[in-house]
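Data file: entry.txt. Format and content: compact mmCIF, C-alpha atoms.
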# COMPACT_ATOMS: atom_id res chain seq x y z
CA MET A 5 2.47 48.61 67.55
CA THR A 6 0.84 52.04 67.42
CA LYS A 7 -2.83 52.49 68.26
CA ALA A 8 -4.82 54.53 65.78
CA ARG A 9 -6.64 57.42 67.39
CA ILE A 10 -9.76 59.03 66.03
CA GLY A 11 -9.62 62.76 66.52
CA ARG A 12 -12.59 64.95 67.32
CA ARG A 13 -12.55 66.52 63.84
CA THR A 14 -12.63 63.08 62.14
CA LEU A 15 -15.45 61.96 64.42
CA MET A 16 -17.48 65.08 63.59
CA LYS A 17 -16.93 64.63 59.83
CA THR A 18 -17.93 60.96 60.02
CA GLY A 19 -21.09 61.84 61.95
CA ALA A 20 -22.01 64.54 59.44
CA ALA A 21 -21.50 62.10 56.55
CA THR A 22 -23.75 59.59 58.30
CA LEU A 23 -26.44 62.22 58.74
CA MET A 24 -26.24 63.18 55.08
CA ALA A 25 -26.39 59.53 53.98
CA THR A 26 -29.74 59.04 55.73
CA GLY A 27 -31.28 61.68 53.47
CA THR A 28 -33.20 63.20 56.36
CA GLY A 29 -30.49 65.02 58.22
CA LEU A 30 -31.45 62.99 61.26
CA MET A 31 -30.26 59.59 62.34
CA SER A 32 -32.93 57.12 63.39
CA PRO A 33 -32.40 55.97 66.94
CA VAL A 34 -31.60 52.28 67.12
CA TRP A 35 -32.18 50.12 70.15
CA ALA A 36 -29.94 47.15 70.96
CA GLN A 37 -32.88 44.90 69.99
CA GLY A 38 -33.68 46.76 66.76
CA LEU A 39 -35.31 49.80 65.23
CA ALA A 40 -36.85 52.35 67.64
CA PRO A 41 -40.44 53.56 67.07
CA THR A 42 -41.13 56.96 65.52
CA GLU A 43 -42.21 59.57 68.04
CA THR A 44 -45.23 61.76 67.31
CA MET A 45 -44.18 65.21 66.11
CA ARG A 46 -45.42 68.30 67.88
CA GLY A 47 -48.03 70.01 65.71
CA GLY A 48 -48.52 66.90 63.59
CA SER A 49 -52.16 66.44 64.57
CA ASN A 50 -53.12 70.05 63.70
CA ASN A 51 -56.34 70.07 61.60
CA TYR A 52 -56.58 66.26 61.76
CA LEU A 53 -59.94 64.87 60.59
CA PRO A 54 -60.55 61.29 61.81
CA GLY A 55 -61.64 58.80 59.17
CA ALA A 56 -60.47 60.53 55.99
CA PRO A 57 -61.40 58.26 53.06
CA ILE A 58 -58.92 56.14 51.12
CA VAL A 59 -58.49 57.91 47.79
CA GLU A 60 -56.59 57.43 44.53
CA ARG A 61 -55.48 61.10 44.62
CA ILE A 62 -56.25 64.29 46.53
CA GLY A 63 -57.56 66.98 44.20
CA GLY A 64 -55.86 67.54 40.87
CA GLY A 65 -52.49 66.15 41.91
CA GLY A 66 -49.08 67.34 40.79
CA PHE A 67 -47.23 66.78 44.10
CA LEU A 68 -46.12 63.34 45.36
CA MET A 69 -46.22 62.43 49.05
CA SER A 70 -44.51 59.09 49.73
CA GLY A 71 -42.88 57.07 52.48
CA THR A 72 -42.49 53.78 54.26
CA VAL A 73 -43.95 52.02 57.28
CA ARG A 74 -41.93 49.50 59.30
CA ARG A 75 -42.43 47.63 62.55
CA ALA A 76 -40.37 48.75 65.54
CA GLY A 77 -37.82 46.21 66.68
CA ASP A 78 -37.21 44.08 63.60
CA GLY A 79 -37.87 46.78 60.96
CA ALA A 80 -40.16 44.51 58.92
CA PRO A 81 -42.20 46.35 56.25
CA LEU A 82 -45.91 46.58 57.11
CA GLU A 83 -48.47 45.93 54.37
CA GLY A 84 -52.02 47.31 54.36
CA ILE A 85 -51.31 50.12 56.83
CA ARG A 86 -53.61 53.14 56.43
CA ILE A 87 -51.78 56.48 56.31
CA GLN A 88 -53.78 59.72 56.28
CA ILE A 89 -52.27 62.77 54.54
CA TRP A 90 -53.34 66.41 54.54
CA ALA A 91 -51.74 69.79 53.81
CA HIS A 92 -52.26 73.40 52.82
CA THR A 93 -52.18 73.23 49.02
CA THR A 94 -52.95 75.27 45.93
CA GLU A 95 -56.47 73.79 46.12
CA GLY A 96 -57.34 74.13 49.79
CA PHE A 97 -56.42 74.64 53.42
CA GLU A 98 -55.35 72.00 55.98
CA ARG A 99 -58.75 72.19 57.67
CA ASP A 100 -60.72 71.57 54.44
CA PRO A 101 -62.09 68.00 54.19
CA HIS A 102 -61.18 67.90 50.45
CA SER A 103 -57.52 68.48 51.44
CA HIS A 104 -57.46 65.15 53.33
CA GLY A 105 -57.09 61.62 52.03
CA ALA A 106 -55.67 58.25 53.03
CA THR A 107 -53.74 55.50 51.28
CA LEU A 108 -52.54 51.98 52.12
CA THR A 109 -49.02 50.57 52.17
CA ASN A 110 -47.98 47.89 49.68
CA ALA A 111 -46.17 44.59 50.45
CA ASP A 112 -42.87 46.48 50.83
CA GLY A 113 -44.39 48.86 53.40
CA GLU A 114 -44.33 51.73 50.89
CA PHE A 115 -47.05 54.29 50.28
CA GLN A 116 -47.56 57.21 47.93
CA LEU A 117 -50.37 59.62 47.23
CA GLU A 118 -50.54 62.35 44.65
CA MET A 119 -51.99 65.66 45.81
CA PRO A 120 -52.00 69.34 44.80
CA GLN A 121 -48.79 71.35 45.26
CA ILE A 122 -48.11 72.09 48.93
CA VAL A 123 -47.77 75.80 49.71
CA PRO A 124 -46.39 77.47 52.84
CA ALA A 125 -48.68 77.79 55.85
CA PHE A 126 -47.35 79.99 58.64
CA GLY A 127 -44.14 80.42 56.64
CA GLN A 128 -43.35 76.71 56.19
CA PRO A 129 -44.31 74.39 53.34
CA HIS A 130 -45.20 71.16 55.15
CA ALA A 131 -47.47 68.13 55.15
CA HIS A 132 -49.26 66.22 57.88
CA LEU A 133 -49.41 62.43 58.03
CA ALA A 134 -51.01 60.10 60.53
CA TYR A 135 -51.18 56.45 61.43
CA ASP A 136 -54.21 56.02 63.70
CA SER A 137 -55.75 52.62 63.10
CA GLY A 138 -55.25 51.04 66.53
CA THR A 139 -53.05 47.97 65.93
CA PHE A 140 -50.01 50.16 66.58
CA GLU A 141 -49.56 53.31 68.64
CA THR A 142 -50.86 56.47 66.93
CA VAL A 143 -48.18 58.59 65.25
CA PHE A 144 -48.56 62.06 63.70
CA LEU A 145 -45.79 63.44 61.48
CA ARG A 146 -45.25 66.98 60.15
CA PRO A 147 -42.35 66.95 57.66
CA VAL A 148 -41.22 70.33 56.33
CA MET A 149 -40.13 70.78 52.72
CA THR A 150 -36.67 72.14 51.90
CA SER A 151 -38.19 74.59 49.40
CA PRO A 152 -41.76 75.59 48.47
CA ARG A 153 -40.78 74.66 44.89
CA ASP A 154 -40.24 70.98 45.78
CA THR A 155 -42.73 68.67 44.05
CA SER A 156 -42.34 65.71 46.40
CA LEU A 157 -41.85 64.93 50.06
CA SER A 158 -41.37 61.69 51.97
CA ALA A 159 -42.01 60.61 55.54
CA HIS A 160 -41.18 57.36 57.28
CA PHE A 161 -42.98 55.61 60.12
CA VAL A 162 -41.63 52.98 62.51
CA LEU A 163 -44.65 51.72 64.44
CA LYS A 164 -44.80 50.16 67.90
CA PRO A 165 -47.59 47.68 68.69
CA ALA A 166 -50.36 49.26 70.80

In structure tokens, write the structure found in this file.
Amino acid sequence: MTKARIGRRTLMKTGAATLMATGTGLMSPVWAQGLAPTETMRGGSNNYLPGAPIVERIGGGGFLMSGTVRRAGDGAPLEGIRIQIWAHTTEGFERDPHSHGATLTNADGEFQLEMPQIVPAFGQPHAHLAYDSGTFETVFLRPVMTSPRDTSLSAHFVLKPA
């Protein structure tokens, strides 16, 4: 009986396919006991304004920010989680209070908020998102868009109890 060997090239191709399948280009780290928590991103808290109000939409809309929130460990979706979103847009700068808003997750742990088109700041079109309500550890995210012409962006949180 011959043992099948996996060559380095096959391993690299399989890993690349896995990365592409996640849609993010990054694999989420997984602990033996379950899903690992999201780490705060450097620069994610830039221009953060505590207590941004829950809104139906930021400004005139036209761009969709969406994502999910899950609990670390078992990956259960978290309902009613407040996510704050802000960005440099066609209607304002990251530091402007009217460029900030918050939304809540639904029963499936999903959130979405329409906002004005994000435009590049310091050469990168990006958004800022935060979970900061205290039940779980605070997490700031700063996802970067593939192109300034994109009309949507998503970000995903895995929260660890505080």

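Put simply, atom CA of Arg99 of chain A is 11.2 Å away from atom CA of His132 of chain A.
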
Tell me, as a PDB file with C-alpha atoms, in the frame of the given file, which residues lie within 6 Å of His92 of chain A, counting only C-alpha atoms; anything in the same chain fewer than 4 positions away does not count.
ATOM      1  CA  GLY A  96     -57.340  74.130  49.790  1.00  0.00           C
ATOM      2  CA  PHE A  97     -56.420  74.640  53.420  1.00  0.00           C
ATOM      3  CA  GLU A  98     -55.350  72.000  55.980  1.00  0.00           C
ATOM      4  CA  ILE A 122     -48.110  72.090  48.930  1.00  0.00           C
ATOM      5  CA  VAL A 123     -47.770  75.800  49.710  1.00  0.00           C
TER       6      VAL A 123
END

Point-to-point distance in Å for atom CA of Ser156 of chain A and atom CA of Glu114 of chain A: 14.8 Å

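Relative to atom CA of Ala40 of chain A, atom CA of His104 of chain A is found at 28.2 Å.
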
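Closest to Thr139 of chain A among A:Arg153, A:Leu82, A:Pro101, A:Pro124 is A:Leu82, based on all atoms listed in the file.
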
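Here the question is which of A:Glu118, A:Glu60, A:Asp112, A:Glu95 gets nearest to Val73 of chain A using all atoms listed in the file, and that residue is A:Asp112.
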
Selection near Glu83 of chain A, 12 Å with only C-alpha atoms, sequence-local residues under 4 positions removed, as a list of chain:residue names: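 The residues that qualify are A:Thr72, A:Val73, A:Arg74, A:Arg75, A:Ile87, A:Thr107, A:Leu108, A:Thr109, A:Asn110, A:Ala111, A:Asp112, A:Gly113, A:Glu114, A:Phe115.
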
Non-local contacts of Ala56 of chain A (7 Å; only C-alpha atoms; under 4 positions in same chain excluded) as a VMD selection string: chain A and resid 88 104 to 106

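Comparing A:Arg146, A:Arg86, A:His130, A:Lys164 by their smallest distance to Gly55 of chain A, the closest is A:Arg86 (using all atoms listed in the file).
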
Test item: which residues lie within 8 Å of (-56.4, 68.0, 41.8) counting only C-alpha atoms, as a PyMOL selection string: chain A and resi 61-66+95+119-120

For the residues selected in the previous step, produce a file with C-alpha atoms as a short mmCIF file (atom, residue, chain, number, x, y, z; two decimals), keeping the file's coordinate frame.
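out_10.cif, freshly written:
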data_model
loop_
_atom_site.label_atom_id
_atom_site.label_comp_id
_atom_site.auth_asym_id
_atom_site.auth_seq_id
_atom_site.Cartn_x
_atom_site.Cartn_y
_atom_site.Cartn_z
CA ARG A 61 -55.48 61.10 44.62
CA ILE A 62 -56.25 64.29 46.53
CA GLY A 63 -57.56 66.98 44.20
CA GLY A 64 -55.86 67.54 40.87
CA GLY A 65 -52.49 66.15 41.91
CA GLY A 66 -49.08 67.34 40.79
CA GLU A 95 -56.47 73.79 46.12
CA MET A 119 -51.99 65.66 45.81
CA PRO A 120 -52.00 69.34 44.80
#

Neighbours of Ala131 of chain A within 9 Å (all atoms listed in the file; same-chain residues fewer than 3 positions away dropped), as a CSV table (one decimal) with C-alpha atoms, keeping the file's coordinate frame?
chain,number,residue,atom,x,y,z
A,48,GLY,CA,-48.5,66.9,63.6
A,69,MET,CA,-46.2,62.4,49.0
A,89,ILE,CA,-52.3,62.8,54.5
A,90,TRP,CA,-53.3,66.4,54.5
A,91,ALA,CA,-51.7,69.8,53.8
A,92,HIS,CA,-52.3,73.4,52.8
A,98,GLU,CA,-55.4,72.0,56.0
A,122,ILE,CA,-48.1,72.1,48.9
A,145,LEU,CA,-45.8,63.4,61.5
A,146,ARG,CA,-45.2,67.0,60.2
A,147,PRO,CA,-42.4,67.0,57.7
A,148,VAL,CA,-41.2,70.3,56.3
A,149,MET,CA,-40.1,70.8,52.7
A,157,LEU,CA,-41.8,64.9,50.1

As JSON, please report the centre and edge lengths, rounded to one decimal in Å, of the axis-aligned box that holds all listed atoms of segment 149-154 of chain A with 4 Å of padding on each of the six sides.
{"center_x": -39.2, "center_y": 73.2, "center_z": 48.8, "size_x": 13.1, "size_y": 12.8, "size_z": 15.8}

Given all atoms listed in the file as the counted atoms, nearest of A:Gly77, A:Pro57, A:Gly84, A:Pro152 to Pro165 of chain A: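 Among the listed residues, A:Gly77 lies closest to Pro165 of chain A.
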